[in-house]
Structures are given as C-alpha cells and as structure tokens.
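J.: Take a look at coords.txt, compact mmCIF, N, CA and C atoms:
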```txt
# COMPACT_ATOMS: atom_id res chain seq x y z
N MET A 1 -26.43 14.84 23.15
CA MET A 1 -26.35 15.34 21.79
C MET A 1 -25.17 16.30 21.69
N PRO A 2 -24.25 16.09 20.74
CA PRO A 2 -23.09 16.96 20.62
C PRO A 2 -23.50 18.36 20.17
N ALA A 3 -22.80 19.34 20.68
CA ALA A 3 -23.06 20.73 20.29
C ALA A 3 -22.52 20.97 18.88
N GLN A 4 -23.26 21.80 18.14
CA GLN A 4 -22.79 22.16 16.80
C GLN A 4 -21.67 23.18 16.94
N SER A 5 -20.77 23.17 15.98
CA SER A 5 -19.72 24.19 16.00
C SER A 5 -20.36 25.53 15.70
N SER A 6 -19.79 26.60 16.22
CA SER A 6 -20.36 27.92 16.00
C SER A 6 -20.35 28.29 14.52
N GLN A 7 -19.43 27.72 13.76
CA GLN A 7 -19.34 28.01 12.34
C GLN A 7 -20.59 27.56 11.60
N HIS A 8 -21.22 26.50 12.02
CA HIS A 8 -22.37 25.96 11.32
C HIS A 8 -23.64 25.96 12.16
N ALA A 9 -23.65 26.68 13.26
CA ALA A 9 -24.77 26.65 14.18
C ALA A 9 -26.08 27.10 13.54
N LEU A 10 -26.02 28.01 12.59
CA LEU A 10 -27.24 28.53 11.97
C LEU A 10 -27.60 27.81 10.68
N ARG A 11 -26.85 26.80 10.31
CA ARG A 11 -27.09 26.08 9.07
C ARG A 11 -27.98 24.88 9.34
N PRO A 12 -29.04 24.71 8.54
CA PRO A 12 -29.88 23.52 8.73
C PRO A 12 -29.13 22.25 8.34
N THR A 13 -29.46 21.16 8.97
CA THR A 13 -28.84 19.88 8.69
C THR A 13 -29.24 19.37 7.31
N HIS A 14 -30.50 19.57 6.95
CA HIS A 14 -31.03 19.13 5.65
C HIS A 14 -31.65 20.34 4.95
N PRO A 15 -30.81 21.16 4.29
CA PRO A 15 -31.33 22.38 3.69
C PRO A 15 -32.27 22.11 2.50
N ARG A 16 -33.23 22.98 2.36
CA ARG A 16 -34.14 22.95 1.22
C ARG A 16 -33.43 23.64 0.05
N SER A 17 -33.63 23.15 -1.14
CA SER A 17 -32.97 23.75 -2.29
C SER A 17 -33.90 24.75 -2.99
N THR A 18 -33.28 25.72 -3.63
CA THR A 18 -33.98 26.74 -4.39
C THR A 18 -33.32 26.84 -5.75
N PRO A 19 -34.10 26.85 -6.82
CA PRO A 19 -33.49 27.00 -8.15
C PRO A 19 -32.74 28.33 -8.26
N LEU A 20 -31.60 28.30 -8.92
CA LEU A 20 -30.82 29.52 -9.11
C LEU A 20 -31.64 30.56 -9.85
N SER A 21 -32.53 30.14 -10.73
CA SER A 21 -33.37 31.10 -11.45
C SER A 21 -34.25 31.89 -10.49
N THR A 22 -34.69 31.28 -9.40
CA THR A 22 -35.47 31.98 -8.38
C THR A 22 -34.60 32.99 -7.64
N VAL A 23 -33.38 32.59 -7.30
CA VAL A 23 -32.43 33.49 -6.65
C VAL A 23 -32.15 34.68 -7.56
N LEU A 24 -31.96 34.42 -8.83
CA LEU A 24 -31.69 35.47 -9.80
C LEU A 24 -32.85 36.46 -9.84
N ALA A 25 -34.08 35.95 -9.86
CA ALA A 25 -35.26 36.82 -9.89
C ALA A 25 -35.38 37.63 -8.60
N GLN A 26 -35.12 37.01 -7.46
CA GLN A 26 -35.24 37.69 -6.17
C GLN A 26 -34.20 38.80 -6.00
N THR A 27 -33.04 38.61 -6.57
CA THR A 27 -31.97 39.60 -6.40
C THR A 27 -32.03 40.71 -7.43
N GLY A 28 -32.69 40.47 -8.55
CA GLY A 28 -32.68 41.45 -9.62
C GLY A 28 -31.32 41.55 -10.28
N ALA A 29 -30.50 40.54 -10.08
CA ALA A 29 -29.14 40.54 -10.65
C ALA A 29 -29.17 40.11 -12.10
N SER A 30 -28.11 40.42 -12.79
CA SER A 30 -27.92 39.87 -14.13
C SER A 30 -26.94 38.71 -13.98
N SER A 31 -27.05 37.74 -14.88
CA SER A 31 -26.22 36.55 -14.77
C SER A 31 -25.18 36.53 -15.87
N ILE A 32 -23.95 36.22 -15.47
CA ILE A 32 -22.89 36.00 -16.44
C ILE A 32 -22.77 34.49 -16.59
N SER A 33 -23.67 33.94 -17.37
CA SER A 33 -23.69 32.50 -17.62
C SER A 33 -24.81 32.21 -18.59
N ALA A 34 -24.57 31.32 -19.49
CA ALA A 34 -25.61 30.96 -20.46
C ALA A 34 -26.57 29.92 -19.91
N ASP A 35 -26.09 29.05 -19.03
CA ASP A 35 -26.91 27.93 -18.59
C ASP A 35 -26.88 27.78 -17.07
N HIS A 36 -28.01 28.02 -16.46
CA HIS A 36 -28.10 27.80 -15.02
C HIS A 36 -29.46 27.22 -14.65
N ALA A 37 -30.15 26.65 -15.63
CA ALA A 37 -31.51 26.16 -15.43
C ALA A 37 -31.61 25.05 -14.39
N ASP A 38 -30.63 24.17 -14.32
CA ASP A 38 -30.72 23.02 -13.42
C ASP A 38 -30.00 23.20 -12.09
N ILE A 39 -29.42 24.37 -11.85
CA ILE A 39 -28.65 24.58 -10.64
C ILE A 39 -29.57 24.82 -9.45
N GLN A 40 -29.29 24.11 -8.36
CA GLN A 40 -30.05 24.24 -7.12
C GLN A 40 -29.13 24.83 -6.05
N VAL A 41 -29.61 25.83 -5.34
CA VAL A 41 -28.86 26.48 -4.27
C VAL A 41 -29.40 25.97 -2.94
N THR A 42 -28.50 25.54 -2.05
CA THR A 42 -28.93 25.01 -0.75
C THR A 42 -28.45 25.85 0.43
N GLY A 43 -27.73 26.93 0.16
CA GLY A 43 -27.26 27.80 1.23
C GLY A 43 -26.58 29.03 0.65
N ILE A 44 -26.29 29.97 1.51
CA ILE A 44 -25.58 31.19 1.13
C ILE A 44 -24.45 31.39 2.12
N GLU A 45 -23.28 31.73 1.61
CA GLU A 45 -22.13 31.91 2.51
C GLU A 45 -21.27 33.06 2.02
N GLN A 46 -20.77 33.86 2.96
CA GLN A 46 -19.89 34.97 2.64
C GLN A 46 -18.42 34.64 2.87
N ARG A 47 -18.14 33.56 3.59
CA ARG A 47 -16.77 33.17 3.89
C ARG A 47 -16.41 31.97 3.01
N SER A 48 -15.42 32.13 2.17
CA SER A 48 -15.08 31.05 1.23
C SER A 48 -14.68 29.78 1.97
N ASN A 49 -14.05 29.91 3.13
CA ASN A 49 -13.60 28.72 3.86
C ASN A 49 -14.75 28.00 4.57
N ALA A 50 -15.95 28.55 4.55
CA ALA A 50 -17.11 27.91 5.17
C ALA A 50 -18.13 27.42 4.14
N VAL A 51 -17.80 27.57 2.87
CA VAL A 51 -18.73 27.15 1.80
C VAL A 51 -18.93 25.65 1.85
N ARG A 52 -20.17 25.25 1.66
CA ARG A 52 -20.53 23.84 1.54
C ARG A 52 -21.02 23.60 0.11
N PRO A 53 -20.93 22.38 -0.38
CA PRO A 53 -21.45 22.10 -1.71
C PRO A 53 -22.91 22.53 -1.83
N GLY A 54 -23.22 23.25 -2.90
CA GLY A 54 -24.57 23.74 -3.14
C GLY A 54 -24.78 25.19 -2.75
N ASP A 55 -23.79 25.80 -2.10
CA ASP A 55 -23.93 27.18 -1.65
C ASP A 55 -23.81 28.19 -2.78
N LEU A 56 -24.44 29.33 -2.57
CA LEU A 56 -24.22 30.54 -3.33
C LEU A 56 -23.18 31.32 -2.53
N PHE A 57 -22.06 31.66 -3.14
CA PHE A 57 -21.03 32.43 -2.46
C PHE A 57 -21.27 33.90 -2.73
N ALA A 58 -21.36 34.70 -1.66
CA ALA A 58 -21.52 36.14 -1.78
C ALA A 58 -20.15 36.78 -1.66
N GLY A 59 -19.62 37.24 -2.78
CA GLY A 59 -18.32 37.91 -2.82
C GLY A 59 -18.55 39.41 -2.75
N LEU A 60 -18.48 39.96 -1.55
CA LEU A 60 -18.87 41.35 -1.31
C LEU A 60 -17.67 42.26 -1.15
N PRO A 61 -17.85 43.54 -1.51
CA PRO A 61 -16.77 44.50 -1.26
C PRO A 61 -16.61 44.71 0.24
N GLY A 62 -15.37 44.79 0.69
CA GLY A 62 -15.10 44.97 2.11
C GLY A 62 -14.19 46.16 2.34
N ALA A 63 -13.88 46.40 3.59
CA ALA A 63 -13.05 47.54 3.96
C ALA A 63 -11.60 47.37 3.48
N ARG A 64 -11.10 46.14 3.52
CA ARG A 64 -9.70 45.90 3.15
C ARG A 64 -9.52 45.11 1.86
N SER A 65 -10.52 44.33 1.51
CA SER A 65 -10.40 43.46 0.34
C SER A 65 -11.80 43.18 -0.21
N HIS A 66 -11.85 42.78 -1.44
CA HIS A 66 -13.12 42.41 -2.05
C HIS A 66 -13.29 40.90 -1.93
N GLY A 67 -14.43 40.48 -1.40
CA GLY A 67 -14.68 39.05 -1.20
C GLY A 67 -14.60 38.22 -2.46
N ALA A 68 -14.81 38.85 -3.61
CA ALA A 68 -14.74 38.11 -4.87
C ALA A 68 -13.34 37.56 -5.14
N ARG A 69 -12.34 38.10 -4.47
CA ARG A 69 -10.98 37.56 -4.61
C ARG A 69 -10.90 36.11 -4.12
N PHE A 70 -11.88 35.70 -3.32
CA PHE A 70 -11.90 34.36 -2.77
C PHE A 70 -12.92 33.45 -3.47
N ALA A 71 -13.47 33.93 -4.57
CA ALA A 71 -14.51 33.17 -5.28
C ALA A 71 -14.00 31.84 -5.80
N ARG A 72 -12.80 31.80 -6.32
CA ARG A 72 -12.26 30.55 -6.85
C ARG A 72 -12.17 29.49 -5.75
N ASP A 73 -11.73 29.90 -4.57
CA ASP A 73 -11.66 28.98 -3.43
C ASP A 73 -13.07 28.49 -3.07
N ALA A 74 -14.05 29.39 -3.09
CA ALA A 74 -15.43 29.01 -2.77
C ALA A 74 -15.95 27.99 -3.78
N VAL A 75 -15.66 28.19 -5.05
CA VAL A 75 -16.09 27.25 -6.08
C VAL A 75 -15.41 25.90 -5.89
N GLU A 76 -14.14 25.91 -5.55
CA GLU A 76 -13.43 24.65 -5.30
C GLU A 76 -14.04 23.89 -4.11
N ARG A 77 -14.64 24.62 -3.18
CA ARG A 77 -15.27 24.00 -2.01
C ARG A 77 -16.72 23.59 -2.28
N GLY A 78 -17.24 23.94 -3.49
CA GLY A 78 -18.57 23.47 -3.85
C GLY A 78 -19.60 24.54 -4.14
N ALA A 79 -19.22 25.81 -4.12
CA ALA A 79 -20.19 26.86 -4.46
C ALA A 79 -20.69 26.64 -5.89
N VAL A 80 -21.99 26.76 -6.08
CA VAL A 80 -22.59 26.52 -7.39
C VAL A 80 -22.78 27.82 -8.17
N ALA A 81 -22.62 28.96 -7.50
CA ALA A 81 -22.76 30.27 -8.14
C ALA A 81 -22.16 31.31 -7.21
N VAL A 82 -21.92 32.50 -7.76
CA VAL A 82 -21.35 33.60 -7.01
C VAL A 82 -22.23 34.83 -7.20
N LEU A 83 -22.52 35.53 -6.11
CA LEU A 83 -23.23 36.81 -6.15
C LEU A 83 -22.23 37.89 -5.80
N THR A 84 -22.09 38.88 -6.66
CA THR A 84 -21.13 39.95 -6.43
C THR A 84 -21.55 41.18 -7.22
N ASP A 85 -20.73 42.22 -7.16
CA ASP A 85 -20.97 43.42 -7.97
C ASP A 85 -20.09 43.35 -9.22
N GLN A 86 -20.15 44.38 -10.05
CA GLN A 86 -19.40 44.37 -11.31
C GLN A 86 -17.89 44.29 -11.07
N VAL A 87 -17.40 45.02 -10.08
CA VAL A 87 -15.97 44.96 -9.76
C VAL A 87 -15.59 43.54 -9.35
N GLY A 88 -16.42 42.92 -8.52
CA GLY A 88 -16.16 41.56 -8.08
C GLY A 88 -16.16 40.57 -9.23
N ALA A 89 -17.07 40.75 -10.17
CA ALA A 89 -17.12 39.85 -11.34
C ALA A 89 -15.81 39.94 -12.13
N GLU A 90 -15.29 41.15 -12.26
CA GLU A 90 -14.03 41.33 -12.98
C GLU A 90 -12.87 40.72 -12.19
N LEU A 91 -12.87 40.88 -10.87
CA LEU A 91 -11.81 40.30 -10.04
C LEU A 91 -11.83 38.78 -10.07
N ALA A 92 -13.04 38.21 -10.03
CA ALA A 92 -13.18 36.75 -9.97
C ALA A 92 -12.76 36.08 -11.27
N GLY A 93 -13.02 36.72 -12.39
CA GLY A 93 -12.70 36.12 -13.68
C GLY A 93 -13.60 34.95 -13.99
N GLU A 94 -13.17 34.09 -14.88
CA GLU A 94 -13.95 32.91 -15.29
C GLU A 94 -13.87 31.87 -14.19
N LEU A 95 -15.03 31.45 -13.71
CA LEU A 95 -15.08 30.50 -12.59
C LEU A 95 -15.68 29.15 -12.96
N GLY A 96 -16.38 29.08 -14.08
CA GLY A 96 -17.03 27.83 -14.44
C GLY A 96 -18.40 27.66 -13.79
N VAL A 97 -18.85 28.66 -13.03
CA VAL A 97 -20.18 28.67 -12.43
C VAL A 97 -20.81 30.02 -12.75
N PRO A 98 -22.14 30.11 -12.67
CA PRO A 98 -22.78 31.41 -12.92
C PRO A 98 -22.33 32.46 -11.91
N VAL A 99 -22.15 33.67 -12.39
CA VAL A 99 -21.84 34.81 -11.54
C VAL A 99 -23.02 35.77 -11.66
N LEU A 100 -23.67 36.03 -10.53
CA LEU A 100 -24.80 36.95 -10.49
C LEU A 100 -24.26 38.32 -10.12
N VAL A 101 -24.52 39.30 -10.97
CA VAL A 101 -23.97 40.64 -10.77
C VAL A 101 -25.09 41.60 -10.41
N ARG A 102 -24.91 42.27 -9.31
CA ARG A 102 -25.90 43.25 -8.84
C ARG A 102 -25.16 44.38 -8.13
N ALA A 103 -25.57 45.61 -8.41
CA ALA A 103 -25.05 46.75 -7.66
C ALA A 103 -25.46 46.56 -6.20
N GLU A 104 -24.56 46.77 -5.30
CA GLU A 104 -24.80 46.62 -3.86
C GLU A 104 -25.42 45.26 -3.50
N PRO A 105 -24.71 44.18 -3.78
CA PRO A 105 -25.26 42.84 -3.50
C PRO A 105 -25.58 42.59 -2.03
N ARG A 106 -24.91 43.29 -1.14
CA ARG A 106 -25.18 43.12 0.30
C ARG A 106 -26.64 43.47 0.62
N SER A 107 -27.23 44.36 -0.15
CA SER A 107 -28.59 44.82 0.13
C SER A 107 -29.66 43.73 -0.05
N VAL A 108 -29.34 42.64 -0.74
CA VAL A 108 -30.33 41.59 -0.96
C VAL A 108 -30.07 40.33 -0.13
N LEU A 109 -28.99 40.30 0.63
CA LEU A 109 -28.66 39.09 1.39
C LEU A 109 -29.72 38.75 2.43
N GLY A 110 -30.26 39.74 3.11
CA GLY A 110 -31.28 39.47 4.12
C GLY A 110 -32.50 38.79 3.53
N GLU A 111 -32.93 39.24 2.37
CA GLU A 111 -34.08 38.64 1.70
C GLU A 111 -33.79 37.20 1.27
N LEU A 112 -32.59 36.98 0.79
CA LEU A 112 -32.23 35.63 0.35
C LEU A 112 -32.17 34.68 1.53
```
Using structure tokens, write down the structure that the file contains.

T.:
Amino acid sequence: MPAQSSQHALRPTHPRSTPLSTVLAQTGASSISADHADIQVTGIEQRSNAVRPGDLFAGLPGARSHGARFARDAVERGAVAVLTDQVGAELAGELGVPVLVRAEPRSVLGEL
C-alpha cells in the first residue's frame, strides 16, 4: 500500500459532509452571503495551496501576513466558503462564496 503524502496524511479519503449552516452555528460567526443553504463542507484547510474542493478555507491573521490574502486562490482551488475575521473579510473582498466572519476565528478551529 503506497504511503500517503504528509500534506494529506490526516485527511480522510471519503470525507463526510456538513452543511455550512451547521458550521455557521458552531462558530457563532456572521455570514457575508445571502444564500448558503445548499453548501456542504467536506474539510477545513488553512493553506490555500492544499485546499480541496468542498473545503472551508480558514484565512487567519498571522505574524507576517493575513491568510485572507490567499482566499481567492483557495476559492479557485475549490473552497466553498471562507472563515476569517473582519480584517480578513475586507482583505479578501468579493469572492463569490460565503465568508464567515468571527472575531478570533482560530479559537473555533479545534471544535470544527
């Protein structure tokens, strides 16, 4: 059996989906989007270059840069929504997917 790459070692082969509305409720975030009723989330990723279709991209503030600067790349790779803070939402701009805004979004990643 071939070894999985370290980049995807913790990712399930057949992920279970969760409605974005459930993610929204669990995070206590507000949504910048009118319609997200049918969106299903199958994973969460903080690195835009590792996003898979169906992922929620977490664009978090960092020491040198804000992860939301890479939100457009994450959406192009298949992210169905973005979780970030207010500054990140402003940096990301219009993405065509729901943006979940929460103060200190890193604090809810473990639960998600």

J.: Per DSSP on the backbone, what are the strand (DSSP E or B) residues of chain A, as a PDB file with N, CA and C atoms, keeping the file's coordinate frame?

T.:
```pdb
ATOM      1  N   THR A  18     -33.280  25.720  -3.630  1.00  0.00           N
ATOM      2  CA  THR A  18     -33.980  26.740  -4.390  1.00  0.00           C
ATOM      3  C   THR A  18     -33.320  26.840  -5.750  1.00  0.00           C
ATOM      4  N   PRO A  19     -34.100  26.850  -6.820  1.00  0.00           N
ATOM      5  CA  PRO A  19     -33.490  27.000  -8.150  1.00  0.00           C
ATOM      6  C   PRO A  19     -32.740  28.330  -8.260  1.00  0.00           C
ATOM      7  N   SER A  30     -28.110  40.420 -12.790  1.00  0.00           N
ATOM      8  CA  SER A  30     -27.920  39.870 -14.130  1.00  0.00           C
ATOM      9  C   SER A  30     -26.940  38.710 -13.980  1.00  0.00           C
ATOM     10  N   SER A  31     -27.050  37.740 -14.880  1.00  0.00           N
ATOM     11  CA  SER A  31     -26.220  36.550 -14.770  1.00  0.00           C
ATOM     12  C   SER A  31     -25.180  36.530 -15.870  1.00  0.00           C
ATOM     13  N   ILE A  32     -23.950  36.220 -15.470  1.00  0.00           N
ATOM     14  CA  ILE A  32     -22.890  36.000 -16.440  1.00  0.00           C
ATOM     15  C   ILE A  32     -22.770  34.490 -16.590  1.00  0.00           C
ATOM     16  N   GLN A  40     -29.290  24.110  -8.360  1.00  0.00           N
ATOM     17  CA  GLN A  40     -30.050  24.240  -7.120  1.00  0.00           C
ATOM     18  C   GLN A  40     -29.130  24.830  -6.050  1.00  0.00           C
ATOM     19  N   VAL A  41     -29.610  25.830  -5.340  1.00  0.00           N
ATOM     20  CA  VAL A  41     -28.860  26.480  -4.270  1.00  0.00           C
ATOM     21  C   VAL A  41     -29.400  25.970  -2.940  1.00  0.00           C
ATOM     22  N   GLY A  43     -27.730  26.930   0.160  1.00  0.00           N
ATOM     23  CA  GLY A  43     -27.260  27.800   1.230  1.00  0.00           C
ATOM     24  C   GLY A  43     -26.580  29.030   0.650  1.00  0.00           C
ATOM     25  N   ILE A  44     -26.290  29.970   1.510  1.00  0.00           N
ATOM     26  CA  ILE A  44     -25.580  31.190   1.130  1.00  0.00           C
ATOM     27  C   ILE A  44     -24.450  31.390   2.120  1.00  0.00           C
ATOM     28  N   GLU A  45     -23.280  31.730   1.610  1.00  0.00           N
ATOM     29  CA  GLU A  45     -22.130  31.910   2.510  1.00  0.00           C
ATOM     30  C   GLU A  45     -21.270  33.060   2.020  1.00  0.00           C
ATOM     31  N   ASP A  55     -23.790  25.800  -2.100  1.00  0.00           N
ATOM     32  CA  ASP A  55     -23.930  27.180  -1.650  1.00  0.00           C
ATOM     33  C   ASP A  55     -23.810  28.190  -2.780  1.00  0.00           C
ATOM     34  N   LEU A  56     -24.440  29.330  -2.570  1.00  0.00           N
ATOM     35  CA  LEU A  56     -24.220  30.540  -3.330  1.00  0.00           C
ATOM     36  C   LEU A  56     -23.180  31.320  -2.530  1.00  0.00           C
ATOM     37  N   PHE A  57     -22.060  31.660  -3.140  1.00  0.00           N
ATOM     38  CA  PHE A  57     -21.030  32.430  -2.460  1.00  0.00           C
ATOM     39  C   PHE A  57     -21.270  33.900  -2.730  1.00  0.00           C
ATOM     40  N   ALA A  58     -21.360  34.700  -1.660  1.00  0.00           N
ATOM     41  CA  ALA A  58     -21.520  36.140  -1.780  1.00  0.00           C
ATOM     42  C   ALA A  58     -20.150  36.780  -1.660  1.00  0.00           C
ATOM     43  N   GLY A  59     -19.620  37.240  -2.780  1.00  0.00           N
ATOM     44  CA  GLY A  59     -18.320  37.910  -2.820  1.00  0.00           C
ATOM     45  C   GLY A  59     -18.550  39.410  -2.750  1.00  0.00           C
ATOM     46  N   PRO A  61     -17.850  43.540  -1.510  1.00  0.00           N
ATOM     47  CA  PRO A  61     -16.770  44.500  -1.260  1.00  0.00           C
ATOM     48  C   PRO A  61     -16.610  44.710   0.240  1.00  0.00           C
ATOM     49  N   HIS A  66     -11.850  42.780  -1.440  1.00  0.00           N
ATOM     50  CA  HIS A  66     -13.120  42.410  -2.050  1.00  0.00           C
ATOM     51  C   HIS A  66     -13.290  40.900  -1.930  1.00  0.00           C
ATOM     52  N   ALA A  81     -22.620  28.960  -7.500  1.00  0.00           N
ATOM     53  CA  ALA A  81     -22.760  30.270  -8.140  1.00  0.00           C
ATOM     54  C   ALA A  81     -22.160  31.310  -7.210  1.00  0.00           C
ATOM     55  N   VAL A  82     -21.920  32.500  -7.760  1.00  0.00           N
ATOM     56  CA  VAL A  82     -21.350  33.600  -7.010  1.00  0.00           C
ATOM     57  C   VAL A  82     -22.230  34.830  -7.200  1.00  0.00           C
ATOM     58  N   LEU A  83     -22.520  35.530  -6.110  1.00  0.00           N
ATOM     59  CA  LEU A  83     -23.230  36.810  -6.150  1.00  0.00           C
ATOM     60  C   LEU A  83     -22.230  37.890  -5.800  1.00  0.00           C
ATOM     61  N   THR A  84     -22.090  38.880  -6.660  1.00  0.00           N
ATOM     62  CA  THR A  84     -21.130  39.950  -6.430  1.00  0.00           C
ATOM     63  C   THR A  84     -21.550  41.180  -7.220  1.00  0.00           C
ATOM     64  N   VAL A  99     -22.150  33.670 -12.390  1.00  0.00           N
ATOM     65  CA  VAL A  99     -21.840  34.810 -11.540  1.00  0.00           C
ATOM     66  C   VAL A  99     -23.020  35.770 -11.660  1.00  0.00           C
ATOM     67  N   LEU A 100     -23.670  36.030 -10.530  1.00  0.00           N
ATOM     68  CA  LEU A 100     -24.800  36.950 -10.490  1.00  0.00           C
ATOM     69  C   LEU A 100     -24.260  38.320 -10.120  1.00  0.00           C
ATOM     70  N   VAL A 101     -24.520  39.300 -10.970  1.00  0.00           N
ATOM     71  CA  VAL A 101     -23.970  40.640 -10.770  1.00  0.00           C
ATOM     72  C   VAL A 101     -25.090  41.600 -10.410  1.00  0.00           C
TER      73      VAL A 101
END
```

J.: Give me the residues near Thr27 in chain A as a VMD selection string, where near means some atom within 7 Å (using all atoms listed in the file) and where sequence neighbours in that chain fewer than 5 positions away do not count.

T.: chain A and resid 22 102 108

J.: Of the residues A:Gly93, A:Gly43, A:Gly88, A:Pro19, which is the one nearest to Gly67 in chain A, using only N, CA and C atoms?

T.: A:Gly88

J.: Which one of A:Arg52, A:Phe70, A:Ser107, A:Glu76 sits closest to Leu91 in chain A if you count all atoms listed in the file?

T.: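 Under the stated criterion, the closest residue is A:Phe70.
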
J.: Just give me the gap between atom N of Gly28 in chain A and atom C of Val51 in chain A in Å, one decimal is fine.

T.: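 For atom N of Gly28 in chain A relative to atom C of Val51 in chain A, the distance reads 22.7 Å.
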
J.: List the residues sitting within 8 Å of (-21.9, 39.3, -3.3) in the file's frame, using only C-alpha atoms, as an mmCIF file with N, CA and C atoms, in the coordinates of the input.

T.:
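The resulting part_25.cif:
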```
data_model
loop_
_atom_site.group_PDB
_atom_site.id
_atom_site.type_symbol
_atom_site.label_atom_id
_atom_site.label_comp_id
_atom_site.auth_asym_id
_atom_site.auth_seq_id
_atom_site.Cartn_x
_atom_site.Cartn_y
_atom_site.Cartn_z
ATOM 1 N N GLN A 46 -20.770 33.860 2.960
ATOM 2 C CA GLN A 46 -19.890 34.970 2.640
ATOM 3 C C GLN A 46 -18.420 34.640 2.870
ATOM 4 N N PHE A 57 -22.060 31.660 -3.140
ATOM 5 C CA PHE A 57 -21.030 32.430 -2.460
ATOM 6 C C PHE A 57 -21.270 33.900 -2.730
ATOM 7 N N ALA A 58 -21.360 34.700 -1.660
ATOM 8 C CA ALA A 58 -21.520 36.140 -1.780
ATOM 9 C C ALA A 58 -20.150 36.780 -1.660
ATOM 10 N N GLY A 59 -19.620 37.240 -2.780
ATOM 11 C CA GLY A 59 -18.320 37.910 -2.820
ATOM 12 C C GLY A 59 -18.550 39.410 -2.750
ATOM 13 N N LEU A 60 -18.480 39.960 -1.550
ATOM 14 C CA LEU A 60 -18.870 41.350 -1.310
ATOM 15 C C LEU A 60 -17.670 42.260 -1.150
ATOM 16 N N PRO A 61 -17.850 43.540 -1.510
ATOM 17 C CA PRO A 61 -16.770 44.500 -1.260
ATOM 18 C C PRO A 61 -16.610 44.710 0.240
ATOM 19 N N GLY A 67 -14.430 40.480 -1.400
ATOM 20 C CA GLY A 67 -14.680 39.050 -1.200
ATOM 21 C C GLY A 67 -14.600 38.220 -2.460
ATOM 22 N N ALA A 68 -14.810 38.850 -3.610
ATOM 23 C CA ALA A 68 -14.740 38.110 -4.870
ATOM 24 C C ALA A 68 -13.340 37.560 -5.140
ATOM 25 N N VAL A 82 -21.920 32.500 -7.760
ATOM 26 C CA VAL A 82 -21.350 33.600 -7.010
ATOM 27 C C VAL A 82 -22.230 34.830 -7.200
ATOM 28 N N LEU A 83 -22.520 35.530 -6.110
ATOM 29 C CA LEU A 83 -23.230 36.810 -6.150
ATOM 30 C C LEU A 83 -22.230 37.890 -5.800
ATOM 31 N N THR A 84 -22.090 38.880 -6.660
ATOM 32 C CA THR A 84 -21.130 39.950 -6.430
ATOM 33 C C THR A 84 -21.550 41.180 -7.220
ATOM 34 N N ASP A 85 -20.730 42.220 -7.160
ATOM 35 C CA ASP A 85 -20.970 43.420 -7.970
ATOM 36 C C ASP A 85 -20.090 43.350 -9.220
ATOM 37 N N GLY A 88 -16.420 42.920 -8.520
ATOM 38 C CA GLY A 88 -16.160 41.560 -8.080
ATOM 39 C C GLY A 88 -16.160 40.570 -9.230
ATOM 40 N N VAL A 101 -24.520 39.300 -10.970
ATOM 41 C CA VAL A 101 -23.970 40.640 -10.770
ATOM 42 C C VAL A 101 -25.090 41.600 -10.410
ATOM 43 N N ARG A 102 -24.910 42.270 -9.310
ATOM 44 C CA ARG A 102 -25.900 43.250 -8.840
ATOM 45 C C ARG A 102 -25.160 44.380 -8.130
ATOM 46 N N GLU A 104 -24.560 46.770 -5.300
ATOM 47 C CA GLU A 104 -24.800 46.620 -3.860
ATOM 48 C C GLU A 104 -25.420 45.260 -3.500
ATOM 49 N N PRO A 105 -24.710 44.180 -3.780
ATOM 50 C CA PRO A 105 -25.260 42.840 -3.500
ATOM 51 C C PRO A 105 -25.580 42.590 -2.030
ATOM 52 N N ARG A 106 -24.910 43.290 -1.140
ATOM 53 C CA ARG A 106 -25.180 43.120 0.300
ATOM 54 C C ARG A 106 -26.640 43.470 0.620
#
```

J.: If we count only C-alpha atoms and set the cut-off at 9 Å, which residues sit around Leu112 in chain A, ignoring sequence neighbours fewer than 5 positions away in its own chain? Please answer as a list of chain:residue names.

T.: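 Listing them by chain and then by number gives A:Val23, A:Gln26, A:Thr27, A:Ile44.
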
J.: Which one is closest to Gly62 in chain A: A:Val87, A:Gly110, A:Ser17, A:Ile39? Count only C-alpha atoms.

T.: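 Smallest distance to Gly62 in chain A is found for A:Val87.
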
J.: Between CA of Asp73 in chain A and atom N of Asn49 in chain A, measure the distance and give it in Å to one decimal.

T.: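 For CA of Asp73 in chain A relative to atom N of Asn49 in chain A, the distance reads 7.0 Å.
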
J.: Expressed in Å to a single decimal, how great is the separation between atom N of Val41 in chain A and CA of Gly96 in chain A?

T.: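 Between atom N of Val41 in chain A and CA of Gly96 in chain A the gap is 15.7 Å.
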
J.: DSSP on the backbone, then: every residue of range 17-111 of chain A marked alpha helix (DSSP H), written as a count of residues only.

T.: 21

J.: Which residues are close to Val75 in chain A, i.e. within 8 Å by only N, CA and C atoms, leaving aside same-chain residues fewer than 3 positions away? Reply as an mmCIF file with N, CA and C atoms, in the frame of the given file.

T.:
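Contents of result.cif, as written:
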```
data_model
loop_
_atom_site.group_PDB
_atom_site.id
_atom_site.type_symbol
_atom_site.label_atom_id
_atom_site.label_comp_id
_atom_site.auth_asym_id
_atom_site.auth_seq_id
_atom_site.Cartn_x
_atom_site.Cartn_y
_atom_site.Cartn_z
ATOM 1 N N SER A 48 -15.420 32.130 2.170
ATOM 2 C CA SER A 48 -15.080 31.050 1.230
ATOM 3 C C SER A 48 -14.680 29.780 1.970
ATOM 4 N N VAL A 51 -17.800 27.570 2.870
ATOM 5 C CA VAL A 51 -18.730 27.150 1.800
ATOM 6 C C VAL A 51 -18.930 25.650 1.850
ATOM 7 N N PHE A 57 -22.060 31.660 -3.140
ATOM 8 C CA PHE A 57 -21.030 32.430 -2.460
ATOM 9 C C PHE A 57 -21.270 33.900 -2.730
ATOM 10 N N PHE A 70 -11.880 35.700 -3.320
ATOM 11 C CA PHE A 70 -11.900 34.360 -2.770
ATOM 12 C C PHE A 70 -12.920 33.450 -3.470
ATOM 13 N N ALA A 71 -13.470 33.930 -4.570
ATOM 14 C CA ALA A 71 -14.510 33.170 -5.280
ATOM 15 C C ALA A 71 -14.000 31.840 -5.800
ATOM 16 N N ARG A 72 -12.800 31.800 -6.320
ATOM 17 C CA ARG A 72 -12.260 30.550 -6.850
ATOM 18 C C ARG A 72 -12.170 29.490 -5.750
ATOM 19 N N GLY A 78 -17.240 23.940 -3.490
ATOM 20 C CA GLY A 78 -18.570 23.470 -3.850
ATOM 21 C C GLY A 78 -19.600 24.540 -4.140
ATOM 22 N N ALA A 79 -19.220 25.810 -4.120
ATOM 23 C CA ALA A 79 -20.190 26.860 -4.460
ATOM 24 C C ALA A 79 -20.690 26.640 -5.890
ATOM 25 N N VAL A 80 -21.990 26.760 -6.080
ATOM 26 C CA VAL A 80 -22.590 26.520 -7.390
ATOM 27 C C VAL A 80 -22.780 27.820 -8.170
ATOM 28 N N ALA A 81 -22.620 28.960 -7.500
ATOM 29 C CA ALA A 81 -22.760 30.270 -8.140
ATOM 30 C C ALA A 81 -22.160 31.310 -7.210
ATOM 31 N N LEU A 95 -15.030 31.450 -13.710
ATOM 32 C CA LEU A 95 -15.080 30.500 -12.590
ATOM 33 C C LEU A 95 -15.680 29.150 -12.960
ATOM 34 N N VAL A 97 -18.850 28.660 -13.030
ATOM 35 C CA VAL A 97 -20.180 28.670 -12.430
ATOM 36 C C VAL A 97 -20.810 30.020 -12.750
#
```
